[in-house]
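Report on the following structure.
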Amino acid sequence: MLLFFIVGLLVHFVFFASIFDIYFTSPLVHGMAPQFTPLPPPARRLVLIVADGLRADALYELDEKGNSRAPFIRNIIMHEGSWGISHTRVPTESRPGHVALIAGFYEDVSAVAKGWKENPVEFDSLFNQSKYTWSWGSPDILSMFAKDASGNHVFTYCYDADNEDFGAKDATKLDTWVFDNIKEFFHAARNNQSLFSKLNEDKVVFFLHLLGIDTNGHAHRPTSREYKDNIKLVDKGIKEIVSLLKEFYGNDEKTAFVFTSDHGMTDWGFHGAGHHSETFTPFVAWGAGVKYPQKASDQQFNDELLKGWKLEYWKRQDINQADIAPLMASLIGVPFPLNSVGILPVNYLNNTDVFKAESMYTNAKQILEQFKVKMTQKKEVTLPFLFTPFNLLSDYKQLDILRKVRSFIKQENYDEAVILCMELIHLSLEGLSYYHTYDRFFLGISVLLGFVGWASYVSLLIIKTHSSLTRSVSKEVKKPSHLLLCSFVAIGILMTFFLLIQACPWTYYVYCLLPVPIWYAVLKEYQVIQDLVTSLCTFPPRHFVGSLLAFALGIEVLVLSFFYRYMLTAGLIIFACWPFTTQLWTRAKNISMSWIFFCLLLAVFPLMPVVGRKPDIFLVMGAGLLVLLLSLFVVTSLIKTKDSFLNDQLLLHLFQMLSTVLSMWAVYSTHNSLLKKQGLPLTNQVVSWIILATSFVVPLLSPRNLLERLFSILVSSMSTYLLLSTGYEALFPLVLSCLMFVWIHMEQETLQQSGVSWKQKVTSIYFSYNTDITQFRQLCMDDIRRAYFLVFFLVIAFFGTGNIASINSFDLASVYCFLTVFSPFMMGALMLWKIFIPFVLVMCAFEAVQLTTQLSSKSLFLMVLVISDIMALHFFFLVKDYGSWLDIGTSISHYVIVMCLSIVLVFLNGLAQLLTTKKLRVYGQPKSHLI
């Protein structure tokens with residue numbers, strides 16, 4: 001059994017990791033030559049200002065009095081520069097956004113998980129190509145572009161990371177710090193000849209990272225006064241810095257300014273997905289080399305934002321976020337970042353036509369270089385007769401376009417030259433995508449074969465060892481022929497040589513060779529397959545087809561619930577009808593009524609809003625009061641019983657009630673403190689962490705009586721869950737647990753109905769670490785339903801109060817009882833624990849179901865594994881590499897979630913066994929078989 005689980009974990013880990021090689025590979029290539037425009041640039045220096053978390057509408061719209069929140073920036077739009085919307089891509093997070101801005105390419109989605117502290121891959125950037133770069137702001141962002149920069153020319157000035165506090169009284173201090181330090185820097189430069197000389201060099205970049213708006217948005221929402229006032233402060237600060245620079249450089253008109261944001265933010269204070277409030281960021285450029293404002297009478301855009309912003313008569317020029325990097329490089333005359341895929345927005349340039357044409361020609365050659373390197377790399381590791389080139393951009397086509405562009409420039413036909421360059425850029429980008437996904441089909445087929453083979457093997461294993469389906473027709477077991485083994489060995493050797501010749505990465509060997517032993521194990525059981533087919537032929541066709549359709553429909557409901565949460569509601573309504581289809585309604589009416597009530601009550605949660613809801617502290621308090629009432633009921637029941645261990649149990653329940661009260665106090669106190677902008681009190685923080693730590697231990701002190709232990713796990717889990725809740729979701733684990741308690745009773749009644757002559761009372765059942773395997777029975781049709789119920793309830797745990805496939809469902813406010821200082825990994829760990837709590841409750845209840853129905857955990861686990869693998873296979877086919885970035889990211893995340901479900905199920909099963917069967921003994925406590 002242990003060996004099977006280890007092999008199963010390894011197989012699923014391979015399936016899980018495959019998605020990163022197929023869809024999450026880095027798009028970067030190395031070995032390109034730098035490309036730059038030979039003509040003199042319009043600017044000697046560039047100032048890049050990034051207001052982190054600033055939405056486009058928050059900057060451009062007028063306030064309730066008809067005044068602009070950013071009068072200086074609005075004046076720039078109307079009198080000095082050009083403006084538009086910078087369209088970002090998913091994930092709309094700080095790291096990918098800044099990489100797109102400064103390096104000109106879109107990182108793969110997995111870069112979000114690799115952290116903000118350092119570069120997971122080497123890439124070129126505008127800062128690296130500059131003569132000198134000075135940057136001020138957050139250590140999380142500045143460190144990305146300072147590390148590994150060639151030469152000692154990128155200088156960073158950062159405040160302490162502890163200043164990034166979402167519970168701070170005034171988050172605008174982060175931006176004030178940047179403005180104040182820049183003023184001090186230029187003041188000191190006047191008296192420092194070495195620094196003064198560097199500042200007067202060409203190709204100089206100043207980078208201002210302003211985090212205050214993002215911090216206020218997370219803490220108070222973008223509709224808050226704090227967020228809007230921060231915009232005013234940033235506008236005023238920019239005005240002062242612009243004036244300072246003009247004075248320092250003697251109004252030489254050689255400074256270019258770019259103001260934008262890395263991402264926006266939703267109304268509920270989060271970002272990461274693809275809503276317009278997250279992907280629409282402001283972009284304003286002015287100064288040397290930037291076109292002056294242009295009047296426009298009729299602008300055609302799909303949105304109706306211009307009229308609302310009162311900017312319909314000022315030409316709006318939208319760009320993609322990666323286009324900003326080549327624009328900035330062109331303005332100061334540095335080589336385009338080597339990995340940039342941005343297209344130079346020539347409409348922003350205030351320069352000669354020849355400069356625009358030459359700049360576009362440089363842009364085209366820079367992207368073409370990436371295409372050529374990518375093609376060469378793929379050609380070198382592919383057998384000549386198997387290599388399929390990108391025919392739309394052959395060597396002849398490349399040379400022909402480049403020759404025509406040079407000819408048009410010489411003939412001063414600059415518009416035609418720009419058009420041809422654009423064609424070459426688009427073809428190069430299409431070719432880059434072609435070679436980047438060149439092996440995707442091959443790897444996909446390999447993983448698919450492994451998937452189907454594994455699911456088939458597990459199904460055969462269930463039939464062979466845990467059911468009596470084939471026993472009536474079983475014949476004498478035949479050993480597999482040596483020919484079968486030799487055939488698969490030969491296939492493995494041929495595949496290895498094929499991969500070796502093509503110099504494939506080691507991961508390719510894993511994906512391609514894994515199906516070989518799996519399918520050998522499947523075909524080795526040909527006798528079981530033959531007996532299974534014979535058994536199925538004896539089944540009534542209607543019964544067989546009906547069961548197959550019901551199973552398929554159940555799987556589809558689970559799959560659709562990932563896209564439409566209301567499908568979970570439909571499923572729970574169907575579950576509520578279950579007693580009417582059996583004799584349960586007549587034999588156990590009270591239990592059946594409870595089942596119907598809690599199914600319908602739980603069905604409400606998937607219909608509740610996931611995002612955009614305001615915190616409701618009173619609902620959290622209400623959930624806490626319900627837990628206290630349940631605890632009082634249990635304590636009262638204990639007092640009525642004459643138990644020799646009453647004092648110990650009573651003391652434990654009182655301690656858990658105290659933890660619940662402290663959780664309620666911490667939530668309420670923290671909420672009020674943050675509203676008053678007094679930060680997170682240390683006492684609240686200490687109490688919260690103590691409750692979290694003790695929630696693992698306290699249930700192990702309770703008796704191993706089934707109901708007593710499960711209730712102890714519930715109360716301890718709820719104490720922690722309350723601390724991590726902001727609204728109605730605090731009630732979710734409570735309702736889910738009530739349904740789980742009823743489920744245990746329902747399954748016991750069903751077991752008696754199935755023909756078991758005796759039935760032990762639930763109150764007299766004890767969790768035992770050493771289960772008597774002689775009590776285990778063979779599988780029956782009802783066990784398939786039990787396995788399906790488990791998977792359904794696990795999916796409910798995923799999507800009951802949110803959609804963890806979307807990063808938008810996470811609310812940072814849920815961790816404020818533990819910390820408010822920005823710490824992505826600690827905050828992420830707390831949010832994951834909040835997600836795991838409903839999982840643990842379901843798995844503990846399932847342990848009880850296994851115990852009451854006398855069914856081995858191995859057999860049920862294998863059935864759950866097959867169901868989850870069939871779901872994963874669905875999502876493997878549904879993964880997209882086209883359409884919107886939101887669709888692509890969502891489809892991939894669905895696959896990852898289901899694969900994690902298979903892997904984490906083993907961990908959850910072990911954790912549930914630990915919580916239900918282990919018993920800690922207080923020193924001096926007498927031993928008893930009852931506890």
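Quick note on naming: the chains in the structure tokens go A, B, ... in the order shown, residues restart at 1 in each chain, and ligands are numbered from 1 in order of appearance.
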Original post:
Which neighbours of stretch 212-228 of chain A fall inside 8 Å, counting only C-alpha atoms, when residues of the same chain fewer than 4 positions from it are skipped, and could you give them as a PyMOL selection string?
Top reply: chain A and resi 51-54+58+69+164-167+171-175+232+265-270+812-813
**OP:** Select from stretch 543-619 of chain A everything DSSP, run on the backbone, classes as alpha helix (DSSP H), then give the selection as a ChimeraX atom specification.
**Re:** /A:543-561,566-576,584-587,589-602,617-619
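For the pair atom CA of A:Glu278 and atom CA of A:Thr92, the interatomic distance is 6.5 Å.
Excluding stretch 583-592 of chain A and any residue on its chain fewer than 3 positions from it, the residues at most 9 Å away by only C-alpha atoms are Ala576, Trp578, Pro579, Phe580, Trp595, Ile596, Phe597, Val742, Trp743, His745, Met746, Glu749, Thr750 and Gln753 of chain A.
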Can you write out the residues you just picked, keeping N, CA and C atoms, as a short mmCIF file (atom, residue, chain, number, x, y, z; two decimals), in the first residue's frame?
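Once written, out-v2.cif looks like this:
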```
data_model
loop_
_atom_site.label_atom_id
_atom_site.label_comp_id
_atom_site.auth_asym_id
_atom_site.auth_seq_id
_atom_site.Cartn_x
_atom_site.Cartn_y
_atom_site.Cartn_z
N ALA A 576 -30.24 16.76 -1.79
CA ALA A 576 -31.35 16.87 -0.83
C ALA A 576 -32.47 15.89 -1.16
N TRP A 578 -32.00 12.87 -2.23
CA TRP A 578 -31.50 11.50 -2.09
C TRP A 578 -32.36 10.62 -1.18
N PRO A 579 -32.78 11.09 0.03
CA PRO A 579 -33.58 10.20 0.90
C PRO A 579 -34.87 9.70 0.25
N PHE A 580 -35.43 10.51 -0.66
CA PHE A 580 -36.70 10.11 -1.29
C PHE A 580 -36.52 8.97 -2.28
N TRP A 595 -30.77 16.18 6.89
CA TRP A 595 -29.97 16.15 5.65
C TRP A 595 -30.52 17.13 4.62
N ILE A 596 -31.81 17.13 4.41
CA ILE A 596 -32.43 18.03 3.44
C ILE A 596 -32.21 19.49 3.85
N PHE A 597 -32.40 19.79 5.14
CA PHE A 597 -32.27 21.17 5.62
C PHE A 597 -30.85 21.69 5.41
N VAL A 742 -24.49 14.99 9.83
CA VAL A 742 -25.68 14.30 9.36
C VAL A 742 -25.31 13.22 8.35
N TRP A 743 -24.31 13.52 7.50
CA TRP A 743 -23.87 12.55 6.49
C TRP A 743 -23.40 11.24 7.16
N HIS A 745 -24.43 9.93 9.95
CA HIS A 745 -25.61 9.17 10.36
C HIS A 745 -26.34 8.58 9.16
N MET A 746 -26.42 9.35 8.09
CA MET A 746 -27.10 8.87 6.88
C MET A 746 -26.41 7.63 6.31
N GLU A 749 -27.17 4.55 8.33
CA GLU A 749 -28.51 4.05 8.03
C GLU A 749 -28.53 3.32 6.69
N THR A 750 -27.81 3.88 5.71
CA THR A 750 -27.75 3.26 4.39
C THR A 750 -27.09 1.89 4.45
N GLN A 753 -29.49 -0.62 5.66
CA GLN A 753 -30.46 -0.88 4.60
C GLN A 753 -29.90 -1.82 3.54
#
```
**OP:** Could you give me, as a PyMOL selection string, the residues within 7 Å of stretch 629-636 of chain A, counting only C-alpha atoms and dropping anything in the same chain fewer than 4 positions from it?
**Re:** chain A and resi 625+640+650+653+657
Only all heavy atoms, please: the residues just picked out, written as a CSV table (one decimal), in the first residue's frame.
```
chain,number,residue,atom,x,y,z
A,625,LEU,N,-20.9,33.4,17.8
A,625,LEU,CA,-22.0,33.1,18.8
A,625,LEU,C,-22.6,31.8,18.6
A,625,LEU,O,-23.0,31.1,19.6
A,625,LEU,CB,-23.0,34.2,18.7
A,625,LEU,CG,-22.6,35.6,19.3
A,625,LEU,CD1,-23.7,36.6,19.0
A,625,LEU,CD2,-22.3,35.5,20.8
A,640,LYS,N,-24.8,16.4,32.4
A,640,LYS,CA,-25.9,15.5,32.7
A,640,LYS,C,-25.4,14.0,32.8
A,640,LYS,O,-26.0,13.2,33.4
A,640,LYS,CB,-27.0,15.6,31.7
A,640,LYS,CG,-27.7,16.9,31.7
A,640,LYS,CD,-28.8,17.0,30.6
A,640,LYS,CE,-29.6,18.3,30.7
A,640,LYS,NZ,-30.6,18.4,29.6
A,650,LEU,N,-14.7,18.7,30.4
A,650,LEU,CA,-15.3,20.0,30.6
A,650,LEU,C,-14.3,21.1,30.6
A,650,LEU,O,-14.6,22.1,30.0
A,650,LEU,CB,-16.0,19.9,32.0
A,650,LEU,CG,-16.9,21.1,32.3
A,650,LEU,CD1,-18.1,21.1,31.3
A,650,LEU,CD2,-17.5,21.0,33.8
A,653,HIS,N,-13.5,21.7,26.9
A,653,HIS,CA,-14.5,22.5,26.2
A,653,HIS,C,-14.5,24.0,26.6
A,653,HIS,O,-14.8,24.9,25.8
A,653,HIS,CB,-15.9,21.9,26.5
A,653,HIS,CG,-16.2,20.7,25.6
A,653,HIS,ND1,-16.3,20.7,24.3
A,653,HIS,CD2,-16.3,19.3,25.9
A,653,HIS,CE1,-16.6,19.5,23.8
A,653,HIS,NE2,-16.6,18.7,24.8
A,657,MET,N,-14.1,27.2,24.3
A,657,MET,CA,-15.0,28.3,24.3
A,657,MET,C,-14.3,29.6,24.5
A,657,MET,O,-14.6,30.7,23.9
A,657,MET,CB,-16.1,28.1,25.3
A,657,MET,CG,-17.1,27.0,25.0
A,657,MET,SD,-18.2,26.7,26.4
A,657,MET,CE,-19.2,28.2,26.3
```
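Restricting the calculation to only C-alpha atoms, the smallest distance between A:Lys291 and any of A:Glu80, A:Glu525, A:Asp63, A:Asp57 is found for A:Glu80.
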Original post:
In Å, with one decimal, what is the gap from atom CA of A:Ile903 to atom CA of A:Ile867?
Top reply: 13.2 Å
**OP:** Could you tell me which of A:Phe257, A:Leu714, A:Gln321, A:Thr37 comes closest to A:Ala357 if we count only C-alpha atoms?
**Re:** A:Thr37
**OP:** Measure the distance from atom CA of A:Ala845 to atom CA of A:Ala787 in Å and round it to one decimal.
**Re:**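 Interatomic distance, atom CA of A:Ala845 to atom CA of A:Ala787: 12.6 Å.
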